[in-house]
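Data file: run.txt. Format and content: compact mmCIF, C-alpha atoms (C1' of nucleotides).
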# COMPACT_ATOMS: atom_id res chain seq x y z
CA MET A 1 37.72 139.50 90.41
CA LEU A 2 40.67 138.13 92.37
CA ARG A 3 43.07 138.63 89.50
CA GLY A 4 41.63 142.06 88.91
CA ALA A 5 42.39 142.91 92.51
CA GLY A 6 45.95 141.73 92.01
CA LEU A 7 45.59 138.85 94.45
CA ARG A 8 46.89 135.33 94.30
CA VAL A 9 44.12 132.97 93.41
CA THR A 10 43.80 130.54 96.29
CA ARG A 11 41.10 127.96 96.84
CA GLN A 12 39.87 129.85 99.87
CA ARG A 13 39.59 133.15 98.06
CA GLN A 14 37.83 131.48 95.17
CA ALA A 15 35.24 130.11 97.56
CA ILE A 16 34.72 133.50 99.18
CA ALA A 17 34.51 135.35 95.87
CA GLU A 18 32.09 132.76 94.56
CA VAL A 19 29.83 133.27 97.55
CA LEU A 20 29.80 137.01 97.09
CA LEU A 21 29.14 136.90 93.38
CA ARG A 22 26.33 134.42 93.83
CA SER A 23 24.62 135.91 96.86
CA GLY A 24 21.55 137.94 96.13
CA ASP A 25 21.40 139.19 99.69
CA HIS A 26 23.83 141.11 101.87
CA PRO A 27 25.61 138.55 104.07
CA ASP A 28 27.82 139.47 107.01
CA ALA A 29 31.27 137.99 107.47
CA GLU A 30 29.96 135.04 109.44
CA ALA A 31 27.44 134.16 106.73
CA VAL A 32 30.11 134.49 104.05
CA LEU A 33 32.33 132.14 106.04
CA ASP A 34 29.54 129.58 106.45
CA ARG A 35 28.68 129.61 102.78
CA ALA A 36 32.30 129.60 101.66
CA ARG A 37 32.96 126.56 103.84
CA ARG A 38 30.34 124.64 101.92
CA LEU A 39 32.46 125.19 98.82
CA ASP A 40 35.79 124.69 100.59
CA PRO A 41 35.79 123.57 104.22
CA SER A 42 39.32 124.84 104.73
CA VAL A 43 38.26 128.49 104.67
CA SER A 44 38.99 130.17 107.98
CA GLN A 45 37.50 133.17 109.69
CA ALA A 46 40.78 135.06 109.44
CA THR A 47 40.98 134.57 105.70
CA THR A 48 37.36 135.59 105.32
CA TYR A 49 37.90 138.87 107.13
CA ARG A 50 41.18 139.48 105.34
CA THR A 51 39.71 138.78 101.92
CA LEU A 52 36.61 140.88 102.53
CA ALA A 53 38.75 143.79 103.70
CA THR A 54 41.09 143.57 100.73
CA LEU A 55 38.39 143.25 98.11
CA ALA A 56 36.44 146.14 99.64
CA GLU A 57 39.58 148.26 99.65
CA ARG A 58 40.23 147.46 96.00
CA GLY A 59 36.68 148.38 95.08
CA TYR A 60 35.37 144.93 94.20
CA LEU A 61 33.12 144.76 97.21
CA ARG A 62 30.89 147.07 99.10
CA ALA A 63 30.68 147.00 102.90
CA HIS A 64 27.50 148.27 104.51
CA ARG A 65 26.81 149.12 108.12
CA PHE A 66 23.07 149.40 107.81
CA ASN A 67 22.35 149.15 111.50
CA SER A 68 24.23 148.05 114.57
CA GLY A 69 25.75 144.63 114.31
CA PRO A 70 28.28 143.26 111.87
CA ALA A 71 29.12 144.83 108.52
CA ARG A 72 27.33 143.32 105.56
CA PHE A 73 28.83 142.80 102.13
CA GLU A 74 27.87 142.62 98.50
CA ALA A 75 29.85 142.37 95.30
CA GLU A 76 30.17 145.79 93.74
CA PRO A 77 27.24 145.79 91.35
CA ALA A 78 27.64 146.59 87.67
CA ALA A 79 25.11 149.35 88.17
CA HIS A 80 25.36 151.35 91.36
CA HIS A 81 22.34 151.33 93.64
CA ASP A 82 21.24 152.43 97.09
CA HIS A 83 19.18 150.62 99.71
CA LEU A 84 15.77 150.88 101.28
CA ILE A 85 15.35 148.82 104.42
CA ASP A 86 12.01 147.65 105.70
CA VAL A 87 12.22 148.44 109.41
CA ASP A 88 9.67 145.79 110.27
CA THR A 89 11.03 142.85 108.30
CA GLY A 90 14.65 143.80 107.66
CA GLU A 91 14.07 143.23 103.96
CA VAL A 92 16.46 145.16 101.74
CA VAL A 93 15.18 146.78 98.56
CA GLU A 94 17.71 148.06 96.06
CA PHE A 95 16.94 151.19 94.11
CA LEU A 96 18.58 153.80 91.95
CA SER A 97 17.56 157.38 91.41
CA ALA A 98 19.53 159.26 88.79
CA GLU A 99 18.00 162.47 90.07
CA ILE A 100 19.23 161.92 93.61
CA GLU A 101 22.66 161.02 92.28
CA GLU A 102 22.78 164.23 90.29
CA LEU A 103 21.62 166.34 93.22
CA GLN A 104 24.27 164.81 95.44
CA ARG A 105 26.89 165.83 92.92
CA ARG A 106 25.56 169.35 92.93
CA VAL A 107 25.40 169.63 96.69
CA ALA A 108 28.99 168.46 97.03
CA GLU A 109 30.06 170.86 94.34
CA ARG A 110 28.41 173.74 96.17
CA TYR A 111 30.74 173.01 99.07
CA GLY A 112 33.78 172.64 96.83
CA TYR A 113 33.93 168.86 96.81
CA GLU A 114 33.77 166.14 94.24
CA ILE A 115 32.09 162.96 95.37
CA VAL A 116 34.32 159.95 95.81
CA ASP A 117 31.63 157.70 97.24
CA HIS A 118 28.33 157.87 99.01
CA HIS A 119 26.02 155.85 101.20
CA LEU A 120 22.31 156.39 101.07
CA VAL A 121 20.05 154.19 103.14
CA LEU A 122 16.34 154.78 103.54
CA PHE A 123 14.50 153.14 106.41
CA GLY A 124 10.86 152.68 105.59
CA ARG A 125 7.63 151.12 106.63
CA ARG A 126 5.25 149.51 104.20
CA ILE A 127 2.25 151.69 103.43
CA ALA A 128 -1.00 149.84 104.10
CA SER A 129 -2.41 149.63 100.58
CA GLY A 130 -6.03 149.47 99.64
CA MET B 131 16.22 166.77 126.99
CA LEU B 132 16.43 164.26 129.84
CA ARG B 133 12.98 165.14 131.14
CA GLY B 134 11.65 165.08 127.61
CA ALA B 135 12.98 161.55 127.26
CA GLY B 136 11.20 160.58 130.47
CA LEU B 137 14.44 159.92 132.32
CA ARG B 138 15.44 160.70 135.87
CA VAL B 139 17.77 163.63 135.96
CA THR B 140 21.00 162.40 137.48
CA ARG B 141 24.30 164.25 137.70
CA GLN B 142 25.87 161.77 135.33
CA ARG B 143 23.17 162.13 132.71
CA GLN B 144 23.32 165.89 132.99
CA ALA B 145 27.03 165.80 132.27
CA ILE B 146 26.53 163.54 129.27
CA ALA B 147 23.64 165.58 127.88
CA GLU B 148 25.61 168.77 128.37
CA VAL B 149 28.52 167.35 126.38
CA LEU B 150 26.26 166.37 123.52
CA LEU B 151 24.43 169.65 123.37
CA ARG B 152 27.66 171.61 123.46
CA SER B 153 29.73 169.54 121.05
CA GLY B 154 30.00 170.92 117.57
CA ASP B 155 31.62 167.73 116.35
CA HIS B 156 30.51 164.09 116.32
CA PRO B 157 32.18 162.41 119.29
CA ASP B 158 32.23 158.68 119.85
CA ALA B 159 31.27 157.09 123.17
CA GLU B 160 34.81 157.28 124.48
CA ALA B 161 35.08 161.01 123.70
CA VAL B 162 31.70 161.65 125.30
CA LEU B 163 32.88 159.84 128.41
CA ASP B 164 36.12 161.83 128.58
CA ARG B 165 34.35 165.12 128.18
CA ALA B 166 31.55 164.23 130.59
CA ARG B 167 34.10 163.28 133.23
CA ARG B 168 35.49 166.79 133.13
CA LEU B 169 32.04 167.96 134.22
CA ASP B 170 31.47 165.11 136.64
CA PRO B 171 34.28 162.64 137.30
CA SER B 172 31.86 160.03 138.57
CA VAL B 173 30.50 159.28 135.08
CA SER B 174 31.23 155.71 134.09
CA GLN B 175 31.58 154.00 130.75
CA ALA B 176 28.49 151.88 131.44
CA THR B 177 26.32 154.90 132.11
CA THR B 178 27.67 156.63 129.04
CA TYR B 179 26.75 153.75 126.76
CA ARG B 180 23.41 153.30 128.50
CA THR B 181 22.52 156.96 128.27
CA LEU B 182 23.60 157.26 124.64
CA ALA B 183 21.53 154.23 123.73
CA THR B 184 18.45 155.47 125.55
CA LEU B 185 18.59 159.01 124.18
CA ALA B 186 19.14 157.71 120.66
CA GLU B 187 16.20 155.35 121.05
CA ARG B 188 13.97 158.18 122.26
CA GLY B 189 14.99 160.36 119.32
CA TYR B 190 17.06 162.96 121.15
CA LEU B 191 20.30 161.78 119.70
CA ARG B 192 21.55 160.55 116.40
CA ALA B 193 24.04 157.71 116.12
CA HIS B 194 26.22 157.60 113.01
CA ARG B 195 28.41 154.84 111.70
CA PHE B 196 30.24 156.87 109.10
CA ASN B 197 33.10 154.45 108.60
CA SER B 198 34.50 151.53 110.50
CA GLY B 199 35.23 152.18 114.11
CA PRO B 200 32.97 153.23 116.95
CA ALA B 201 29.57 154.86 116.49
CA ARG B 202 29.57 158.65 116.68
CA PHE B 203 26.87 160.76 118.22
CA GLU B 204 25.29 164.16 117.92
CA ALA B 205 22.27 165.78 119.56
CA GLU B 206 19.31 165.58 117.23
CA PRO B 207 19.53 168.91 115.45
CA ALA B 208 16.56 171.27 115.33
CA ALA B 209 16.83 171.10 111.57
CA HIS B 210 17.64 167.75 110.01
CA HIS B 211 20.81 167.56 107.97
CA ASP B 212 23.04 165.06 106.22
CA HIS B 213 26.82 164.74 106.13
CA LEU B 214 29.63 165.23 103.67
CA ILE B 215 32.92 163.78 104.82
CA ASP B 216 36.26 164.96 103.53
CA VAL B 217 38.07 161.71 102.83
CA ASP B 218 41.47 163.35 103.18
CA THR B 219 40.98 165.24 106.45
CA GLY B 220 38.01 163.51 108.06
CA GLU B 221 36.29 166.87 108.33
CA VAL B 222 32.50 166.63 108.50
CA VAL B 223 30.38 169.14 106.60
CA GLU B 224 26.68 169.30 107.38
CA PHE B 225 24.24 170.05 104.60
CA LEU B 226 20.58 169.88 103.77
CA SER B 227 18.93 169.50 100.41
CA ALA B 228 15.17 169.80 100.39
CA GLU B 229 15.18 168.42 96.85
CA ILE B 230 17.02 165.27 97.85
CA GLU B 231 14.69 164.82 100.82
CA GLU B 232 11.69 165.10 98.54
CA LEU B 233 13.11 162.69 96.00
CA GLN B 234 13.81 160.17 98.73
CA ARG B 235 10.19 160.33 99.76
CA ARG B 236 9.11 159.74 96.20
CA VAL B 237 11.46 156.84 95.65
CA ALA B 238 10.24 155.14 98.81
CA GLU B 239 6.67 155.74 97.80
CA ARG B 240 7.29 154.16 94.43
CA TYR B 241 8.18 150.95 96.28
CA GLY B 242 5.21 151.22 98.64
CA TYR B 243 7.06 152.57 101.65
CA GLU B 244 6.93 155.64 103.77
CA ILE B 245 10.27 156.83 105.10
CA VAL B 246 10.85 156.43 108.81
CA ASP B 247 14.45 157.61 108.76
CA HIS B 248 17.37 157.87 106.42
CA HIS B 249 21.13 158.11 106.36
CA LEU B 250 22.89 159.96 103.59
CA VAL B 251 26.63 160.35 103.75
CA LEU B 252 28.70 161.75 100.91
CA PHE B 253 32.42 161.10 100.83
CA GLY B 254 34.23 163.81 98.92
CA ARG B 255 37.55 165.25 97.99
CA ARG B 256 38.17 168.96 97.87
CA ILE B 257 38.30 170.29 94.33
CA ALA B 258 41.54 172.11 93.65
CA SER B 259 40.21 175.60 93.13
CA GLY B 260 41.97 177.81 90.60
C1' DG C 261 62.63 129.32 95.64
C1' DT C 262 60.29 133.21 97.54
C1' DG C 263 56.94 136.28 98.82
C1' DA C 264 52.23 136.08 99.70
C1' DA C 265 48.45 133.68 101.96
C1' DT C 266 46.77 130.49 105.34
C1' DG C 267 44.90 128.59 109.91
C1' DC C 268 44.99 128.95 114.56
C1' DA C 269 44.48 131.10 118.66
C1' DA C 270 45.18 135.12 121.13
C1' DA C 271 44.25 139.89 121.39
C1' DA C 272 42.10 144.13 120.29
C1' DA C 273 38.17 147.09 119.71
C1' DC C 274 33.64 148.19 120.76
C1' DT C 275 29.43 147.43 123.43
C1' DT C 276 26.34 145.19 126.69
C1' DT C 277 25.06 143.11 131.07
C1' DG C 278 24.61 141.16 136.11
C1' DC C 279 24.57 142.58 140.39
C1' DA C 280 25.05 145.02 144.68
C1' DT C 281 24.68 149.77 146.03
C1' DA C 282 23.01 154.47 145.63
C1' DT C 283 19.70 157.99 144.42
C1' DA C 284 15.69 160.66 142.15
C1' DC C 285 11.23 161.08 142.73
C1' DG D 286 9.87 153.93 150.27
C1' DT D 287 10.47 152.28 145.70
C1' DA D 288 11.58 151.98 141.14
C1' DT D 289 15.24 153.53 138.52
C1' DA D 290 20.07 154.46 137.82
C1' DT D 291 24.79 153.79 138.97
C1' DG D 292 29.72 151.82 139.05
C1' DC D 293 32.32 147.97 138.59
C1' DA D 294 33.95 144.20 136.45
C1' DA D 295 32.91 140.45 133.64
C1' DA D 296 31.18 138.95 129.40
C1' DG D 297 29.50 139.48 124.69
C1' DT D 298 30.21 140.61 119.91
C1' DT D 299 32.81 141.87 115.96
C1' DT D 300 37.27 142.40 113.93
C1' DT D 301 42.33 142.26 113.74
C1' DT D 302 46.88 140.31 114.38
C1' DG D 303 51.33 137.37 115.38
C1' DC D 304 53.37 133.55 114.02
C1' DA D 305 54.62 129.13 112.19
C1' DT D 306 53.32 126.66 108.10
C1' DT D 307 51.67 126.17 103.34
C1' DC D 308 51.07 127.43 98.71
C1' DA D 309 50.71 130.29 94.19
C1' DC D 310 53.55 131.93 91.10
Encoding of this model in C-alpha cells:
Amino acid sequence: MLRGAGLRVTRQRQAIAEVLLRSGDHPDAEAVLDRARRLDPSVSQATTYRTLATLAERGYLRAHRFNSGPARFEAEPAAHHDHLIDVDTGEVVEFLSAEIEELQRRVAERYGYEIVDHHLVLFGRRIASG
Amino acid sequence: MLRGAGLRVTRQRQAIAEVLLRSGDHPDAEAVLDRARRLDPSVSQATTYRTLATLAERGYLRAHRFNSGPARFEAEPAAHHDHLIDVDTGEVVEFLSAEIEELQRRVAERYGYEIVDHHLVLFGRRIASG
DNA sequence: GTGAATGCAAAAACTTTGCATATAC
DNA sequence: GTATATGCAAAGTTTTTGCATTCAC
C-alpha cells in the first residue's frame, strides 16, 4: 500500500497502514494515532494526519465526513460500498446496490458528466420488527 | 421560517434567514455572515453560527459537508434534491432521481431500517462533447 | 549523501460557549 | 417583566505547517 502510493516505507507509516488495513470500523485520526502508537509508540499526530492525507489523495484510503466532528477513515475496500448509519446507535452498516450505482451514472450522464467519485450515506432508524 | 421554527424574530435572524432564502448557491457560515451584515451590520459571527445550527436542527436548513473545509448551507428546498459537483470548477448541480430515492428506501429496508435522511453527492467531470 | 519524512510545538481553520447586556414577546 | 437572544472575546476542536533533526533509499 505504501509502496503502491510511491511513499518511503517508514516504521510510522507501516504502523498507520497496518491499523487501517486491520480496522473493521471507521476510525478518526485520533483513533488511528492511538492504535498506531500501540504498534510503534514513536508515531506522532503530525505524521498521522500527513499519512492519512497522502494515502487518501493517492486513492488508498477513503475519508468520510458522516456527521459533524472529525473525518473518519477506512482503507479503500476491494469492492466499493456505501454506508447506512443508525442514527440512534451510530452503528455503520456497509452496503452496495448495483442498481443505485448504475442510476447515478445515468443521472450524471444526463447532465453531461462522468462520475469520478460519489458519497452516499443513508441515515436510518431501526424498524421495530415483530 | 423563523416563526415556523419557534424562534423570536430578531433583526439579526431576519437578515440571516433572508440571505439563506435568497442565495442560489451554498454559502458557508462566513459567507452567510458577510451577506447578512450587508442587510444588518449588527449581525455577529456567534449569532450566525447559532442561528444556522438551530434552523438546521429544526429542519429549515440543510448543512452540507461536500469536501473538506467549512460546512455549507442552503434553505431546505421545497422539493428535495441531491448534488453533483464539478470537480474541476466546483460548480454545484442540483438533481433529483425518484428511482434512486426509491432504491435507497428499499436498500435500507433490506437491512431493517427506515430512512430518516440521506446525503448523496456525485463528483463528476464534464464529458468532452463532440 | 540527499531528498523525503519525522516530531514537536505553534498556528491556522472552523465552531462553540460564558457572560453581561439588550430585546421580543 | 421575563425568558430568550445578542455581541464580544475566550476557548474548544480539528487540522495544518515551519523547522531542525532523522532516516529510507
For CA of His194 in chain B and CA of Glu224 in chain B, the interatomic separation in Å (one decimal) = 13.0 Å
Show me, as a Markdown table, the residues of chain C having an atom within 10 Å of chain A, each with the closest atom pair and its distance in Å, using all atoms listed in the file.
| residue | atom | partner | partner_atom | distance |
| --- | --- | --- | --- | --- |
| C:DA264 | C1' | A:Arg8 | CA | 7.6 |
| C:DA265 | C1' | A:Thr10 | CA | 8.0 |
| C:DT266 | C1' | A:Thr47 | CA | 7.1 |
| C:DG267 | C1' | A:Ser44 | CA | 6.4 |
| C:DC268 | C1' | A:Ser44 | CA | 9.0 |
Considering only C-alpha atoms (C1' of nucleotides), return as a PyMOL selection string whatever protein or nucleic-acid residues lie within 10 Å of DT298 in chain D, sequence-local ones (same chain, fewer than 2 positions apart) excluded.
-> (chain A and resi 69-70) or (chain C and resi 274-276) or (chain D and resi 296+300)
Using only C-alpha atoms (C1' of nucleotides), find which residues of chain D lie within 12 Å of chain B and jot them down as a tab-separated table (two decimals) with C-alpha atoms (C1' of nucleotides), in the frame of the given file.
chain	number	residue	atom	x	y	z
D	288	DA	C1'	11.58	151.98	141.14
D	289	DT	C1'	15.24	153.53	138.52
D	290	DA	C1'	20.07	154.46	137.82
D	291	DT	C1'	24.79	153.79	138.97
D	292	DG	C1'	29.72	151.82	139.05
D	293	DC	C1'	32.32	147.97	138.59
D	294	DA	C1'	33.95	144.20	136.45
D	299	DT	C1'	32.81	141.87	115.96
D	300	DT	C1'	37.27	142.40	113.93
Using only C-alpha atoms (C1' of nucleotides) - which residues lie no farther than 9 Å from the point (29.3, 164.4, 134.2) in the file's frame? Write them as a short mmCIF file (atom, residue, chain, number, x, y, z; two decimals) with C-alpha atoms, in the frame of the given file.
data_model
loop_
_atom_site.label_atom_id
_atom_site.label_comp_id
_atom_site.auth_asym_id
_atom_site.auth_seq_id
_atom_site.Cartn_x
_atom_site.Cartn_y
_atom_site.Cartn_z
CA ARG B 141 24.30 164.25 137.70
CA GLN B 142 25.87 161.77 135.33
CA ARG B 143 23.17 162.13 132.71
CA GLN B 144 23.32 165.89 132.99
CA ALA B 145 27.03 165.80 132.27
CA ILE B 146 26.53 163.54 129.27
CA ALA B 147 23.64 165.58 127.88
CA GLU B 148 25.61 168.77 128.37
CA VAL B 149 28.52 167.35 126.38
CA LEU B 163 32.88 159.84 128.41
CA ARG B 165 34.35 165.12 128.18
CA ALA B 166 31.55 164.23 130.59
CA ARG B 167 34.10 163.28 133.23
CA ARG B 168 35.49 166.79 133.13
CA LEU B 169 32.04 167.96 134.22
CA ASP B 170 31.47 165.11 136.64
CA PRO B 171 34.28 162.64 137.30
CA SER B 172 31.86 160.03 138.57
CA VAL B 173 30.50 159.28 135.08
CA SER B 174 31.23 155.71 134.09
#
Fit result for chain B on chain A over all paired C-alpha atoms, given as a compact mmCIF listing (two decimals) with C-alpha atoms, in the coordinates of the input:
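Final file, out_27.txt:
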# COMPACT_ATOMS: atom_id res chain seq x y z
CA MET B 131 37.58 139.43 90.35
CA LEU B 132 40.55 138.06 92.28
CA ARG B 133 42.92 138.54 89.37
CA GLY B 134 41.47 141.97 88.77
CA ALA B 135 42.27 142.85 92.37
CA GLY B 136 45.85 141.68 91.83
CA LEU B 137 45.50 138.80 94.28
CA ARG B 138 46.79 135.27 94.11
CA VAL B 139 44.01 132.89 93.29
CA THR B 140 43.75 130.49 96.19
CA ARG B 141 41.04 127.91 96.81
CA GLN B 142 39.88 129.82 99.84
CA ARG B 143 39.58 133.11 98.01
CA GLN B 144 37.76 131.43 95.17
CA ALA B 145 35.21 130.07 97.60
CA ILE B 146 34.73 133.47 99.21
CA ALA B 147 34.47 135.30 95.88
CA GLU B 148 32.02 132.71 94.61
CA VAL B 149 29.80 133.24 97.65
CA LEU B 150 29.77 136.98 97.15
CA LEU B 151 29.06 136.84 93.46
CA ARG B 152 26.26 134.36 93.96
CA SER B 153 24.58 135.89 96.99
CA GLY B 154 21.50 137.91 96.27
CA ASP B 155 21.41 139.17 99.83
CA HIS B 156 23.88 141.12 101.97
CA PRO B 157 25.67 138.59 104.16
CA ASP B 158 27.90 139.51 107.06
CA ALA B 159 31.39 138.06 107.52
CA GLU B 160 30.08 135.13 109.52
CA ALA B 161 27.53 134.20 106.83
CA VAL B 162 30.18 134.51 104.13
CA LEU B 163 32.40 132.17 106.11
CA ASP B 164 29.63 129.61 106.59
CA ARG B 165 28.72 129.63 102.94
CA ALA B 166 32.33 129.58 101.75
CA ARG B 167 33.03 126.56 103.94
CA ARG B 168 30.38 124.62 102.09
CA LEU B 169 32.47 125.15 98.96
CA ASP B 170 35.79 124.65 100.69
CA PRO B 171 35.85 123.58 104.34
CA SER B 172 39.39 124.84 104.78
CA VAL B 173 38.32 128.51 104.70
CA SER B 174 39.09 130.21 107.98
CA GLN B 175 37.62 133.22 109.71
CA ALA B 176 40.93 135.09 109.38
CA THR B 177 41.07 134.60 105.64
CA THR B 178 37.45 135.61 105.30
CA TYR B 179 37.99 138.90 107.09
CA ARG B 180 41.25 139.48 105.25
CA THR B 181 39.76 138.77 101.86
CA LEU B 182 36.66 140.88 102.50
CA ALA B 183 38.82 143.79 103.60
CA THR B 184 41.12 143.54 100.61
CA LEU B 185 38.37 143.21 98.02
CA ALA B 186 36.46 146.11 99.57
CA GLU B 187 39.61 148.22 99.54
CA ARG B 188 40.23 147.41 95.87
CA GLY B 189 36.65 148.33 94.98
CA TYR B 190 35.30 144.88 94.16
CA LEU B 191 33.11 144.73 97.18
CA ARG B 192 30.90 147.06 99.10
CA ALA B 193 30.74 147.02 102.88
CA HIS B 194 27.55 148.31 104.50
CA ARG B 195 26.85 149.19 108.09
CA PHE B 196 23.10 149.48 107.80
CA ASN B 197 22.37 149.26 111.50
CA SER B 198 24.26 148.14 114.54
CA GLY B 199 25.82 144.75 114.30
CA PRO B 200 28.40 143.37 111.92
CA ALA B 201 29.23 144.90 108.54
CA ARG B 202 27.43 143.35 105.59
CA PHE B 203 28.89 142.80 102.17
CA GLU B 204 27.88 142.60 98.56
CA ALA B 205 29.84 142.33 95.32
CA GLU B 206 30.16 145.74 93.74
CA PRO B 207 27.20 145.76 91.39
CA ALA B 208 27.64 146.54 87.70
CA ALA B 209 25.17 149.34 88.20
CA HIS B 210 25.41 151.35 91.39
CA HIS B 211 22.38 151.33 93.64
CA ASP B 212 21.24 152.43 97.07
CA HIS B 213 19.17 150.64 99.70
CA LEU B 214 15.73 150.87 101.21
CA ILE B 215 15.30 148.80 104.34
CA ASP B 216 11.95 147.61 105.58
CA VAL B 217 12.12 148.40 109.28
CA ASP B 218 9.55 145.74 110.12
CA THR B 219 10.95 142.79 108.17
CA GLY B 220 14.58 143.75 107.57
CA GLU B 221 14.03 143.20 103.86
CA VAL B 222 16.45 145.14 101.66
CA VAL B 223 15.18 146.78 98.48
CA GLU B 224 17.73 148.06 96.00
CA PHE B 225 16.98 151.20 94.03
CA LEU B 226 18.64 153.82 91.92
CA SER B 227 17.64 157.40 91.36
CA ALA B 228 19.64 159.27 88.77
CA GLU B 229 18.08 162.49 90.03
CA ILE B 230 19.26 161.93 93.58
CA GLU B 231 22.73 161.04 92.31
CA GLU B 232 22.86 164.25 90.34
CA LEU B 233 21.65 166.35 93.24
CA GLN B 234 24.27 164.82 95.49
CA ARG B 235 26.94 165.87 93.04
CA ARG B 236 25.59 169.38 93.01
CA VAL B 237 25.36 169.65 96.77
CA ALA B 238 28.94 168.49 97.15
CA GLU B 239 30.05 170.91 94.50
CA ARG B 240 28.35 173.76 96.30
CA TYR B 241 30.65 173.06 99.25
CA GLY B 242 33.73 172.70 97.05
CA TYR B 243 33.90 168.92 97.00
CA GLU B 244 33.77 166.23 94.42
CA ILE B 245 32.08 163.02 95.52
CA VAL B 246 34.32 160.02 96.00
CA ASP B 247 31.61 157.73 97.34
CA HIS B 248 28.30 157.90 99.09
CA HIS B 249 25.97 155.89 101.27
CA LEU B 250 22.25 156.41 101.08
CA VAL B 251 20.00 154.19 103.12
CA LEU B 252 16.27 154.76 103.48
CA PHE B 253 14.41 153.12 106.32
CA GLY B 254 10.76 152.63 105.45
CA ARG B 255 7.52 151.08 106.46
CA ARG B 256 5.20 149.47 103.98
CA ILE B 257 2.19 151.63 103.21
CA ALA B 258 -1.04 149.78 103.87
CA SER B 259 -2.39 149.59 100.35
CA GLY B 260 -6.14 149.79 99.87
Please report as JSON, numbers by chain which residues of chain A come no farther than 12 Å from chain B, using only C-alpha atoms.
-> {"A": [53, 63, 64, 65, 66, 67, 68, 69, 70, 71, 72, 82, 83, 84, 85, 86, 87, 88, 91, 92, 93, 94, 95, 96, 97, 98, 99, 100, 101, 102, 103, 104, 105, 106, 107, 108, 109, 110, 111, 112, 113, 114, 115, 116, 117, 118, 119, 120, 121, 122, 123, 124, 125, 126, 127, 128, 129, 130]}
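Our summary of the geometry notes that CA of Ala56 in chain A is positioned 9.3 Å from CA of Glu74 in chain A.
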Using all atoms listed in the file, the residue out of A:Ala31, A:Asp25, A:Ala79, A:Gly59 with shortest distance to Met1 in chain A is A:Gly59
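The coordinates place C1' of DT287 in chain D at 20.8 Å from CA of Ala135 in chain B.
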With the input short on atoms, add all heavy atoms back to range 189-194 of chain B and write it as a PDB file, keeping the file's coordinate frame.
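Result went into rebuild_20.pdb, see below:
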ATOM      1  N   GLY B 189      14.980 159.347 120.371  1.00  0.00           N
ATOM      2  CA  GLY B 189      14.990 160.360 119.320  1.00  0.00           C
ATOM      3  C   GLY B 189      15.651 161.683 119.690  1.00  0.00           C
ATOM      4  O   GLY B 189      15.505 162.660 118.962  1.00  0.00           O
ATOM      5  N   TYR B 190      16.402 161.712 120.779  1.00  0.00           N
ATOM      6  CA  TYR B 190      17.060 162.960 121.150  1.00  0.00           C
ATOM      7  C   TYR B 190      18.491 163.021 120.668  1.00  0.00           C
ATOM      8  O   TYR B 190      19.165 164.033 120.799  1.00  0.00           O
ATOM      9  CB  TYR B 190      17.014 163.160 122.675  1.00  0.00           C
ATOM     10  CG  TYR B 190      15.635 163.461 123.153  1.00  0.00           C
ATOM     11  CD1 TYR B 190      14.728 162.445 123.383  1.00  0.00           C
ATOM     12  CD2 TYR B 190      15.221 164.777 123.327  1.00  0.00           C
ATOM     13  CE1 TYR B 190      13.427 162.717 123.779  1.00  0.00           C
ATOM     14  CE2 TYR B 190      13.932 165.067 123.725  1.00  0.00           C
ATOM     15  CZ  TYR B 190      13.038 164.027 123.956  1.00  0.00           C
ATOM     16  OH  TYR B 190      11.752 164.316 124.336  1.00  0.00           O
ATOM     17  N   LEU B 191      18.914 161.909 120.117  1.00  0.00           N
ATOM     18  CA  LEU B 191      20.300 161.780 119.700  1.00  0.00           C
ATOM     19  C   LEU B 191      20.338 161.023 118.400  1.00  0.00           C
ATOM     20  O   LEU B 191      19.472 160.195 118.140  1.00  0.00           O
ATOM     21  CB  LEU B 191      21.017 160.902 120.729  1.00  0.00           C
ATOM     22  CG  LEU B 191      22.288 161.420 121.334  1.00  0.00           C
ATOM     23  CD1 LEU B 191      22.003 162.726 122.014  1.00  0.00           C
ATOM     24  CD2 LEU B 191      22.790 160.411 122.348  1.00  0.00           C
ATOM     25  N   ARG B 192      21.373 161.267 117.631  1.00  0.00           N
ATOM     26  CA  ARG B 192      21.550 160.550 116.400  1.00  0.00           C
ATOM     27  C   ARG B 192      22.856 159.780 116.486  1.00  0.00           C
ATOM     28  O   ARG B 192      23.868 160.336 116.913  1.00  0.00           O
ATOM     29  CB  ARG B 192      21.635 161.580 115.276  1.00  0.00           C
ATOM     30  CG  ARG B 192      21.259 161.111 113.949  1.00  0.00           C
ATOM     31  CD  ARG B 192      20.327 162.119 113.303  1.00  0.00           C
ATOM     32  NE  ARG B 192      19.030 161.475 113.172  1.00  0.00           N
ATOM     33  CZ  ARG B 192      18.704 160.711 112.115  1.00  0.00           C
ATOM     34  NH1 ARG B 192      19.552 160.549 111.119  1.00  0.00           N
ATOM     35  NH2 ARG B 192      17.539 160.130 112.057  1.00  0.00           N
ATOM     36  N   ALA B 193      22.826 158.522 116.143  1.00  0.00           N
ATOM     37  CA  ALA B 193      24.040 157.710 116.120  1.00  0.00           C
ATOM     38  C   ALA B 193      24.452 157.521 114.667  1.00  0.00           C
ATOM     39  O   ALA B 193      23.624 157.189 113.830  1.00  0.00           O
ATOM     40  CB  ALA B 193      23.788 156.363 116.776  1.00  0.00           C
ATOM     41  N   HIS B 194      25.721 157.772 114.374  1.00  0.00           N
ATOM     42  CA  HIS B 194      26.220 157.600 113.010  1.00  0.00           C
ATOM     43  C   HIS B 194      27.284 156.514 112.990  1.00  0.00           C
ATOM     44  O   HIS B 194      28.055 156.386 113.923  1.00  0.00           O
ATOM     45  CB  HIS B 194      26.875 158.875 112.506  1.00  0.00           C
ATOM     46  CG  HIS B 194      25.944 160.033 112.427  1.00  0.00           C
ATOM     47  ND1 HIS B 194      24.942 160.114 111.494  1.00  0.00           N
ATOM     48  CD2 HIS B 194      25.856 161.154 113.170  1.00  0.00           C
ATOM     49  CE1 HIS B 194      24.274 161.249 111.662  1.00  0.00           C
ATOM     50  NE2 HIS B 194      24.798 161.901 112.670  1.00  0.00           N
TER      51      HIS B 194
END
